[in-house]
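Below: upload26.txt (compact mmCIF, C-alpha atoms)
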```
# COMPACT_ATOMS: atom_id res chain seq x y z
CA MET A 20 42.61 48.00 -94.13
CA ASN A 21 40.63 45.77 -96.47
CA THR A 22 36.91 46.61 -96.44
CA LYS A 23 35.75 43.12 -97.44
CA ARG A 24 37.75 41.49 -94.65
CA LYS A 25 36.14 43.79 -92.09
CA LYS A 26 32.67 43.05 -93.39
CA ALA A 27 33.26 39.34 -93.19
CA LYS A 28 34.84 39.58 -89.76
CA TYR A 29 32.20 41.82 -88.18
CA PRO A 30 28.62 41.07 -89.25
CA ARG A 31 26.28 44.01 -89.85
CA VAL A 32 29.21 46.46 -90.07
CA TYR A 33 29.24 48.60 -93.22
CA ALA A 34 31.27 51.45 -94.66
CA SER A 35 29.59 54.74 -95.58
CA ASP A 36 30.95 58.25 -96.11
CA GLY A 37 34.36 57.38 -94.73
CA SER A 38 33.09 55.79 -91.51
CA TRP A 39 32.18 52.35 -90.21
CA TYR A 40 28.57 51.79 -89.12
CA TRP A 41 26.92 48.96 -87.23
CA VAL A 42 23.29 48.21 -88.11
CA GLU A 43 21.43 47.43 -84.89
CA PRO A 44 19.36 44.26 -85.53
CA ALA A 45 16.14 45.13 -83.70
CA SER A 46 15.61 48.67 -84.99
CA GLY A 47 17.71 48.66 -88.16
CA LYS A 48 19.32 51.90 -86.98
CA TRP A 49 22.75 52.75 -88.42
CA ILE A 50 25.12 53.56 -85.56
CA ARG A 51 28.43 55.23 -86.35
CA LEU A 52 31.43 53.47 -84.88
CA CYS A 53 34.55 55.28 -86.11
CA ARG A 54 36.42 56.53 -89.16
CA ILE A 55 37.62 53.95 -91.68
CA THR A 56 41.16 55.21 -91.09
CA ASP A 57 40.96 54.44 -87.35
CA SER A 58 42.68 51.37 -85.97
CA GLU A 59 41.20 47.89 -85.77
CA HIS A 60 41.30 48.16 -82.00
CA THR A 61 39.17 51.35 -82.06
CA LEU A 62 36.63 49.73 -84.39
CA LEU A 63 36.31 46.63 -82.25
CA ALA A 64 36.08 48.60 -79.00
CA ARG A 65 33.30 50.81 -80.38
CA LEU A 66 31.44 47.83 -81.82
CA LEU A 67 31.52 45.96 -78.49
CA ALA A 68 30.45 49.08 -76.61
CA GLU A 69 27.43 49.65 -78.87
CA LYS A 70 26.43 45.99 -78.78
CA LYS A 71 26.55 46.11 -74.99
CA ARG A 72 24.47 49.27 -74.95
CA TYR A 73 21.77 47.70 -77.12
CA ALA A 74 21.99 44.22 -75.59
CA ARG A 75 18.80 42.86 -74.07
CA PRO A 76 18.57 40.33 -71.22
CA ASP A 77 17.37 36.91 -72.29
CA GLY A 78 13.72 36.13 -71.69
CA THR A 79 11.64 32.97 -71.41
CA GLY A 80 8.21 34.30 -72.44
CA ASP A 81 6.71 35.34 -75.76
CA SER A 82 5.70 38.88 -74.68
CA ARG A 83 8.88 40.60 -75.83
CA SER A 84 8.81 39.14 -79.35
CA LEU A 85 5.14 40.09 -79.70
CA ILE A 86 5.82 43.63 -78.45
CA ASP A 87 8.63 43.89 -81.02
CA GLU A 88 6.20 42.82 -83.74
CA TYR A 89 3.55 45.27 -82.49
CA VAL A 90 6.01 48.19 -82.51
CA HIS A 91 7.31 47.27 -85.96
CA LYS A 92 3.80 47.21 -87.44
CA HIS A 93 2.46 50.32 -85.73
CA LYS A 94 5.35 52.76 -85.23
CA ALA A 95 4.53 54.60 -88.47
CA ARG A 96 1.14 55.55 -87.02
CA HIS A 97 2.65 57.27 -84.00
CA LYS A 98 4.18 60.72 -84.38
CA GLU A 99 5.92 60.61 -81.00
CA LYS A 100 9.55 59.70 -81.60
CA ALA A 101 9.85 58.07 -78.15
CA TRP A 102 6.99 55.64 -78.82
CA PRO A 103 9.22 52.70 -79.93
CA ALA A 104 11.23 53.16 -76.72
CA TYR A 105 8.09 52.40 -74.71
CA GLY A 106 8.08 49.01 -76.42
CA LYS A 107 11.66 48.47 -75.31
CA TYR A 108 10.75 49.22 -71.69
CA ALA A 109 7.65 47.02 -71.80
CA GLY A 110 9.47 44.16 -73.55
CA ASN A 111 12.23 44.16 -70.95
CA ALA A 112 9.74 44.16 -68.08
CA LEU A 113 7.62 41.35 -69.56
CA ARG A 114 10.40 39.27 -71.14
CA ASN A 115 9.76 36.26 -68.89
CA VAL A 116 5.97 36.30 -69.25
CA ASN A 117 3.67 34.82 -71.89
CA VAL A 118 0.87 37.15 -72.95
CA THR A 119 -1.74 34.55 -71.99
CA ASP A 120 -0.51 34.79 -68.40
CA ILE A 121 -0.66 38.58 -68.13
CA ASP A 122 -3.39 39.91 -65.84
CA ALA A 123 -3.99 43.18 -64.01
CA THR A 124 -1.61 42.17 -61.22
CA VAL A 125 1.27 41.68 -63.65
CA VAL A 126 0.58 45.06 -65.27
CA MET A 127 0.48 46.72 -61.84
CA GLN A 128 3.90 45.30 -61.00
CA VAL A 129 5.30 46.63 -64.26
CA LEU A 130 3.84 50.11 -63.76
CA LYS A 131 5.14 50.33 -60.18
CA HIS A 132 8.59 50.76 -61.72
CA TRP A 133 7.49 54.35 -62.49
CA LYS A 134 5.70 54.99 -59.18
CA ASP A 135 7.62 58.24 -58.72
CA LYS A 136 7.00 59.36 -62.31
CA LEU A 137 3.22 59.48 -62.59
CA HIS A 138 3.14 60.88 -66.11
CA MET A 139 5.43 58.13 -67.42
CA GLN A 140 3.33 55.58 -65.57
CA ARG A 141 0.25 56.69 -67.48
CA VAL A 142 2.17 56.75 -70.76
CA MET A 143 3.23 53.13 -70.26
CA ARG A 144 -0.30 52.12 -69.28
CA ALA A 145 -1.53 53.61 -72.56
CA PHE A 146 1.17 51.78 -74.54
CA LEU A 147 0.39 48.45 -72.87
CA SER A 148 -3.34 48.92 -73.37
CA GLY A 149 -2.77 49.42 -77.09
CA PHE A 150 -0.55 46.37 -77.22
CA PHE A 151 -3.14 44.23 -75.44
CA ARG A 152 -5.90 45.44 -77.80
CA TRP A 153 -3.73 44.32 -80.71
CA CYS A 154 -3.19 40.94 -79.03
CA ILE A 155 -6.96 40.54 -78.71
CA GLU A 156 -7.38 41.36 -82.41
CA GLU A 157 -4.71 38.74 -83.21
CA GLY A 158 -6.51 36.13 -81.10
CA ARG A 159 -3.72 35.87 -78.50
CA MET A 160 -5.69 37.34 -75.56
CA LYS A 161 -9.34 37.54 -74.61
CA THR A 162 -9.41 40.56 -72.30
CA ASN A 163 -7.40 43.74 -71.82
CA PRO A 164 -5.92 43.71 -68.29
CA CYS A 165 -5.44 47.48 -68.41
CA ASN A 166 -9.21 47.92 -68.26
CA GLU A 167 -9.12 46.73 -64.65
CA LEU A 168 -6.73 49.52 -63.64
CA ARG A 169 -9.26 52.35 -63.86
CA GLY A 170 -8.93 54.42 -60.72
CA TRP A 171 -5.75 52.62 -59.62
CA LEU A 172 -3.29 55.02 -61.18
CA LYS A 173 -2.78 58.36 -59.48
CA ARG A 174 -3.29 61.43 -61.61
CA PRO A 175 -0.21 63.65 -61.81
CA LYS A 176 -0.86 67.04 -60.29
CA PRO A 177 -1.19 69.73 -62.97
CA SER A 178 1.53 72.34 -62.79
CA ALA A 179 0.55 75.53 -61.00
CA VAL A 180 3.35 77.49 -62.68
CA TYR A 181 2.36 80.73 -64.39
CA ILE A 182 4.85 82.84 -66.36
CA PRO A 183 4.47 86.58 -65.59
CA ASP A 184 4.57 88.88 -68.59
CA ASP A 185 8.00 90.33 -67.78
CA HIS A 186 9.56 86.89 -67.37
CA PHE A 187 7.96 85.68 -70.60
CA SER A 188 9.32 88.69 -72.45
CA ALA A 189 12.80 88.20 -70.98
CA ILE A 190 13.01 84.52 -72.00
CA ARG A 191 11.57 85.29 -75.41
CA GLY A 192 14.24 87.91 -75.99
CA ALA A 193 17.01 85.61 -74.77
CA LEU A 194 16.08 83.08 -77.45
CA VAL A 195 17.58 85.46 -80.01
CA ARG A 196 20.52 87.04 -78.20
CA TYR A 197 23.05 86.05 -75.54
CA THR A 198 25.61 87.94 -73.47
CA TYR A 199 28.60 86.80 -71.45
CA ILE A 200 31.71 88.24 -69.82
CA ARG A 201 35.05 87.56 -71.51
CA ALA A 202 38.32 89.11 -70.35
CA GLY A 203 36.33 91.52 -68.21
CA LYS A 204 34.25 92.74 -71.14
CA LYS A 205 30.58 92.16 -71.87
CA VAL A 206 30.17 90.31 -75.16
CA SER A 207 26.85 89.99 -77.01
CA GLY A 208 25.93 87.71 -79.85
CA LYS A 209 23.03 86.35 -81.88
CA VAL A 210 21.64 82.83 -81.73
CA ASN A 211 21.35 81.61 -85.33
CA SER A 212 18.23 79.55 -84.67
CA GLY A 213 16.79 82.22 -82.36
CA PRO A 214 14.39 83.98 -84.76
CA MET A 215 12.68 80.69 -85.68
CA MET A 216 12.58 79.59 -82.03
CA GLN A 217 10.97 82.90 -81.16
CA CYS A 218 8.32 82.25 -83.82
CA ILE A 219 7.63 78.84 -82.28
CA VAL A 220 7.12 80.39 -78.84
CA ASP A 221 4.92 83.14 -80.29
CA LEU A 222 2.71 80.62 -82.14
CA CYS A 223 2.41 78.45 -79.02
CA TYR A 224 1.15 81.47 -77.10
CA LEU A 225 -1.06 83.08 -79.76
CA THR A 226 -2.78 79.82 -80.74
CA ALA A 227 -2.79 78.33 -77.20
CA GLN A 228 -1.72 75.01 -78.73
CA ARG A 229 0.81 72.51 -77.46
CA SER A 230 4.35 72.91 -78.74
CA THR A 231 3.99 69.52 -80.49
CA GLU A 232 1.19 70.91 -82.66
CA ILE A 233 3.33 73.91 -83.65
CA ARG A 234 6.41 71.77 -84.24
CA LEU A 235 4.48 69.42 -86.56
CA LEU A 236 2.37 72.13 -88.23
CA LYS A 237 2.38 71.99 -92.05
CA TRP A 238 1.66 74.84 -94.44
CA SER A 239 -1.22 72.75 -95.82
CA GLN A 240 -2.97 73.28 -92.46
CA VAL A 241 -2.70 77.07 -92.80
CA ASP A 242 -5.83 78.06 -94.73
CA PHE A 243 -5.42 81.75 -95.61
CA ALA A 244 -8.57 81.66 -97.76
CA ALA A 245 -10.72 80.57 -94.81
CA GLY A 246 -8.64 82.58 -92.36
CA VAL A 247 -7.92 79.65 -90.03
CA ILE A 248 -5.26 77.13 -89.06
CA HIS A 249 -6.57 73.56 -88.90
CA PHE A 250 -5.29 71.74 -85.82
CA ILE A 251 -5.90 68.09 -84.91
CA PRO A 252 -4.12 67.87 -81.54
CA THR A 253 -1.91 64.78 -81.35
CA LYS A 254 -3.01 64.21 -77.77
CA THR A 255 -6.66 63.77 -78.80
CA GLU A 256 -6.44 62.22 -82.28
CA ASP A 257 -6.40 58.68 -80.85
CA SER A 258 -8.99 59.39 -78.13
CA SER A 259 -11.68 62.07 -78.40
CA GLY A 260 -10.59 63.09 -81.91
CA ILE A 261 -11.41 66.71 -81.15
CA ALA A 262 -10.06 69.14 -83.76
CA VAL A 263 -9.96 72.91 -83.65
CA ASP A 264 -9.71 75.68 -86.24
CA VAL A 265 -7.82 78.66 -84.85
CA THR A 266 -8.56 82.02 -86.47
CA ILE A 267 -5.55 83.64 -88.11
CA THR A 268 -5.53 86.88 -86.13
CA PRO A 269 -3.39 89.83 -87.25
CA GLU A 270 -0.88 88.80 -84.58
CA ILE A 271 -0.67 85.22 -85.86
CA ARG A 272 -0.44 86.44 -89.46
CA ALA A 273 2.49 88.66 -88.46
CA VAL A 274 4.35 85.65 -87.06
CA LEU A 275 3.68 83.63 -90.22
CA ASN A 276 5.03 86.53 -92.27
CA ARG A 277 8.17 86.59 -90.10
CA ILE A 278 8.66 82.90 -90.80
CA ARG A 279 8.40 83.53 -94.54
CA GLU A 280 10.96 86.31 -94.23
CA ILE A 281 13.31 83.89 -92.44
CA ASP A 282 12.78 81.31 -95.19
CA GLY A 283 13.35 83.85 -97.92
CA ARG A 284 10.86 82.04 -100.11
CA GLU A 285 7.35 80.64 -99.96
CA ARG A 286 6.95 77.15 -98.54
CA ILE A 287 3.71 75.27 -99.16
CA GLY A 288 2.03 71.87 -98.87
CA LYS A 289 3.48 69.27 -96.53
CA LEU A 290 6.51 71.36 -95.59
CA ASN A 291 6.80 72.30 -91.92
CA VAL A 292 5.86 75.85 -90.98
CA VAL A 293 8.68 75.96 -88.41
CA HIS A 294 11.90 74.11 -89.03
CA SER A 295 15.60 73.90 -88.21
CA LEU A 296 18.37 75.77 -90.01
CA SER A 297 18.76 72.71 -92.25
CA ASN A 298 15.01 72.82 -93.09
CA GLU A 299 14.37 69.67 -91.06
CA GLU A 300 11.51 69.09 -88.63
CA TYR A 301 12.46 70.17 -85.13
CA GLU A 302 12.76 67.52 -82.44
CA ALA A 303 10.99 68.25 -79.17
CA THR A 304 14.34 68.19 -77.38
CA ALA A 305 15.70 71.01 -79.57
CA ILE A 306 12.85 73.35 -78.62
CA ARG A 307 13.06 72.39 -74.97
CA THR A 308 16.82 72.95 -74.92
CA ALA A 309 16.54 76.36 -76.61
CA TRP A 310 13.90 77.46 -74.08
CA ASN A 311 15.89 76.20 -71.09
CA ARG A 312 19.08 77.91 -72.26
CA ALA A 313 17.21 81.17 -72.78
CA ALA A 314 15.80 80.92 -69.25
CA GLU A 315 19.32 80.37 -67.93
CA ARG A 316 20.62 83.45 -69.75
CA VAL A 317 18.16 85.66 -67.88
CA ASP A 318 18.56 83.83 -64.53
CA LEU A 319 15.05 82.37 -64.56
CA ALA A 320 15.90 78.66 -64.81
CA HIS A 321 15.12 78.16 -61.12
CA ARG A 322 11.50 79.28 -61.62
CA GLY A 323 10.54 76.04 -63.34
CA TYR A 324 9.13 77.61 -66.51
CA THR A 325 8.88 75.03 -69.30
CA VAL A 326 7.67 75.07 -72.89
CA LYS A 327 4.43 73.51 -71.59
CA SER A 328 3.95 76.57 -69.35
CA ILE A 329 3.38 78.72 -72.45
CA ARG A 330 0.02 77.08 -73.15
CA ALA A 331 -0.99 77.52 -69.51
CA LYS A 332 -0.11 81.20 -69.70
CA ALA A 333 -2.04 81.64 -72.95
CA LEU A 334 -5.25 80.10 -71.59
CA THR A 335 -4.99 81.93 -68.29
CA ASP A 336 -4.32 85.25 -70.01
CA ALA A 337 -7.30 84.65 -72.32
CA LYS A 338 -9.57 84.06 -69.32
CA ARG A 339 -8.33 87.22 -67.65
CA ALA A 340 -8.99 89.07 -70.91
CA GLY A 341 -12.67 88.14 -70.61
CA TYR A 342 -13.07 85.02 -72.77
CA ASP A 343 -15.57 82.58 -71.30
CA LEU A 344 -15.00 78.94 -70.44
CA THR A 345 -16.63 77.69 -73.65
CA ALA A 346 -14.21 79.66 -75.82
CA LEU A 347 -11.26 78.40 -73.79
CA GLN A 348 -12.46 74.80 -73.96
CA THR A 349 -12.75 75.12 -77.73
CA VAL A 350 -9.24 76.45 -78.31
CA ALA A 351 -7.76 73.98 -75.82
CA ALA A 352 -9.57 71.06 -77.54
CA HIS A 353 -10.66 69.74 -74.15
CA SER A 354 -13.49 67.21 -74.16
CA THR A 355 -15.17 68.62 -71.02
CA PRO A 356 -15.41 72.06 -69.35
CA THR A 357 -14.06 70.47 -66.17
CA MET A 358 -10.71 69.79 -67.84
CA THR A 359 -10.40 73.43 -68.81
CA LYS A 360 -11.60 74.66 -65.42
CA ASP A 361 -9.09 72.45 -63.59
CA TYR A 362 -6.39 73.61 -65.94
CA LEU A 363 -6.96 77.26 -65.08
CA LYS A 364 -7.92 77.42 -61.44
CA LEU A 365 -4.50 76.38 -60.16
CA ARG A 366 -2.97 79.40 -61.86
CA GLU A 367 -5.39 81.91 -60.39
CA ILE A 368 -4.94 83.01 -56.80
CA PRO A 369 -8.23 84.29 -55.31
CA THR A 370 -8.16 87.51 -53.28
CA SER A 371 -10.02 87.57 -50.00
CA ASN A 372 -12.00 90.70 -49.06
CA VAL A 373 -12.68 89.56 -45.49
CA ARG A 374 -11.76 92.27 -42.99
CA LEU A 375 -11.69 91.63 -39.26
CA LYS A 376 -10.92 93.72 -36.18
CA ILE A 377 -9.24 92.54 -33.00
CA PRO A 378 -11.91 92.12 -30.30
CA ALA A 379 -11.70 94.78 -27.56
```
Output the structure of this file as structure tokens.
Amino acid sequence: MNTKRKKAKYPRVYASDGSWYWVEPASGKWIRLCRITDSEHTLLARLLAEKKRYARPDGTGDSRSLIDEYVHKHKARHKEKAWPAYGKYAGNALRNVNVTDIDATVVMQVLKHWKDKLHMQRVMRAFLSGFFRWCIEEGRMKTNPCNELRGWLKRPKPSAVYIPDDHFSAIRGALVRYTYIRAGKKVSGKVNSGPMMQCIVDLCYLTAQRSTEIRLLKWSQVDFAAGVIHFIPTKTEDSSGIAVDVTITPEIRAVLNRIREIDGRERIGKLNVVHSLSNEEYEATAIRTAWNRAAERVDLAHRGYTVKSIRAKALTDAKRAGYDLTALQTVAAHSTPTMTKDYLKLREIPTSNVRLKIPA
């Protein structure tokens, strides 16, 4: 089929590497439709399906277009891949509203959409607050309506899940190997990405950092001369700005050496410490999926252990090992001791020594 005729007939459809792609107008993302050798009917069906998937309801206000502009100008500053999607959610919710008409009541109505997902509710409040600050800087608003919501949003309850040592060891081992029954025989195999995934889990535990910090860690942050790893937690860089230098202990150094053995060569500078088999930066979903599958292999999926639980285990284990609250607050990069104390107490079950006798 003639390539030029297809381009003229279907705007924003281009050929590349033997396939047809549609370039989504809002994001500029190239979306694969089908092979060039596929029929015209297949191409058209896929194109209509993708356009429907990305279609947005019409709106009468200016909020959506301004949110689109805000996301376009600021997405490079945000490491979280899902951040542009927050703009999509906010733009859809506010599509019939002008920014000059948005007050705290309007924001409350938007956030109620996530009333059963308290973490997402707070994420969207943070996104909207940033958007409104930008609008104020651009002279389109005078006040930030999110400032009036202090105390209105419920805090999500911190997880009380703690991973016992034997369960942690079992999941860690299952990251590397798997077994299943085939034709009545037990078959074992290796997970190709397992050794690197195991290094990620080990660094999360040994440094007590969030998995995001390990996933985004560059070799330029690993200062062997000073004997520390420089962390600027992504969760605090836009708020308290607290940074932390974690000492390269013999255990951490051993993990870094394992990574170099996996690489087979020295990686330096802006290259990621941990990475996929194709040397690309890991997505958060890849690490989460690997952990969940490993938990399933050892029949622990029902216990609710997540990648986030590793940090909780690390801090709790450190406290039980005798480290004081100040040391834990430092490594956790918490702005107040209360945050660290709240983080730990739910994972410690006090033992009562009260002994009573039945009255005669």
TODO: Could you tell me how far atom CA of Leu290 of chain A lies from atom CA of Trp238 of chain A, in Å and to one decimal?
DONE: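 Computing the Euclidean distance for atom CA of Leu290 of chain A and atom CA of Trp238 of chain A yields 6.1 Å.
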Open item on the list: Just to confirm, what's the straight-line distance from atom CA of Arg322 of chain A to atom CA of Arg141 of chain A in Å (one decimal)?
Closed with: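 Distance reported for this atom pair: 25.9 Å.
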TODO: Go through A:Arg191, A:Lys70, A:Lys289, A:His132 and flag the residue nearest Ala112 of chain A, using only C-alpha atoms for the distances.
DONE: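 For Ala112 of chain A, the nearest of the candidates is A:His132.
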- [ ] Considering all atoms listed in the file, state which residue in the set A:His60, A:Val118, A:Ile200, A:Tyr73 is at the smallest distance from Ile86 of chain A.
- [x]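 Smallest distance to Ile86 of chain A is found for A:Val118.
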TODO: Check the smallest atom-to-atom distance from each of A:Arg75, A:His353, A:Arg234, A:Arg174 to Ala303 of chain A using all atoms listed in the file, then report the winner.
DONE: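 Once distances to Ala303 of chain A are computed over all atoms listed in the file, the minimum belongs to A:Arg234.
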- [ ] List every protein, DNA or RNA residue with an atom no more than 10 Å from (0.3, 46.5, -72.7) in the file's coordinates, counting only C-alpha atoms, and format the result as a ChimeraX atom specification.
- [x] /A:82,86,105-106,109-110,113,118,121,126,129,143-154,163-165
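Comparing A:Arg196, A:Arg312, A:Arg284, A:Arg54 by their smallest distance to Ser35 of chain A, the closest is A:Arg54 (using only C-alpha atoms).
Each of A:Leu225, A:Val90, A:Asn117, A:Leu137 was compared to Gly78 of chain A using only C-alpha atoms, and A:Asn117 turns out to be the nearest.
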Task: Closest of A:Ala333, A:Ala305, A:Leu235, A:Ile251 to Ala352 of chain A - atom-to-atom distances counting all atoms listed in the file - done: A:Ile251
Task: Test item: residues at most 12 Å from Ala346 of chain A, only C-alpha atoms, excluding those fewer than 3 positions along its chain, as a ChimeraX atom specification - done: /A:227,263,265,334,337-338,340-343,349-353,356,359-360
- [ ] Identify, on the basis of only C-alpha atoms, every residue whose closest approach to Asp282 of chain A does not exceed 10 Å; exclude the query and any residue fewer than 6 positions from it along the same chain; express the result as a PyMOL selection string.
- [x] chain A and resi 215+276+292-294+296+298
Task: Between atom CA of Glu156 of chain A and atom CA of Ala123 of chain A, distance in Å (one decimal) - done: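 Between atom CA of Glu156 of chain A and atom CA of Ala123 of chain A the gap is 18.8 Å.
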Name the residues, using the chain letters and numbers of the file, that sit within 12 Å of (15.9, 80.2, -64.3) when counting all atoms listed in the file, and give them as a PDB file with C-alpha atoms, in the coordinates of the input.
```
ATOM      1  CA  ILE A 182       4.850  82.840 -66.360  1.00  0.00           C
ATOM      2  CA  HIS A 186       9.560  86.890 -67.370  1.00  0.00           C
ATOM      3  CA  PHE A 187       7.960  85.680 -70.600  1.00  0.00           C
ATOM      4  CA  ALA A 189      12.800  88.200 -70.980  1.00  0.00           C
ATOM      5  CA  ILE A 190      13.010  84.520 -72.000  1.00  0.00           C
ATOM      6  CA  ALA A 193      17.010  85.610 -74.770  1.00  0.00           C
ATOM      7  CA  TRP A 310      13.900  77.460 -74.080  1.00  0.00           C
ATOM      8  CA  ASN A 311      15.890  76.200 -71.090  1.00  0.00           C
ATOM      9  CA  ARG A 312      19.080  77.910 -72.260  1.00  0.00           C
ATOM     10  CA  ALA A 313      17.210  81.170 -72.780  1.00  0.00           C
ATOM     11  CA  ALA A 314      15.800  80.920 -69.250  1.00  0.00           C
ATOM     12  CA  GLU A 315      19.320  80.370 -67.930  1.00  0.00           C
ATOM     13  CA  ARG A 316      20.620  83.450 -69.750  1.00  0.00           C
ATOM     14  CA  VAL A 317      18.160  85.660 -67.880  1.00  0.00           C
ATOM     15  CA  ASP A 318      18.560  83.830 -64.530  1.00  0.00           C
ATOM     16  CA  LEU A 319      15.050  82.370 -64.560  1.00  0.00           C
ATOM     17  CA  ALA A 320      15.900  78.660 -64.810  1.00  0.00           C
ATOM     18  CA  HIS A 321      15.120  78.160 -61.120  1.00  0.00           C
ATOM     19  CA  ARG A 322      11.500  79.280 -61.620  1.00  0.00           C
ATOM     20  CA  GLY A 323      10.540  76.040 -63.340  1.00  0.00           C
ATOM     21  CA  TYR A 324       9.130  77.610 -66.510  1.00  0.00           C
ATOM     22  CA  THR A 325       8.880  75.030 -69.300  1.00  0.00           C
TER      23      THR A 325
END
```
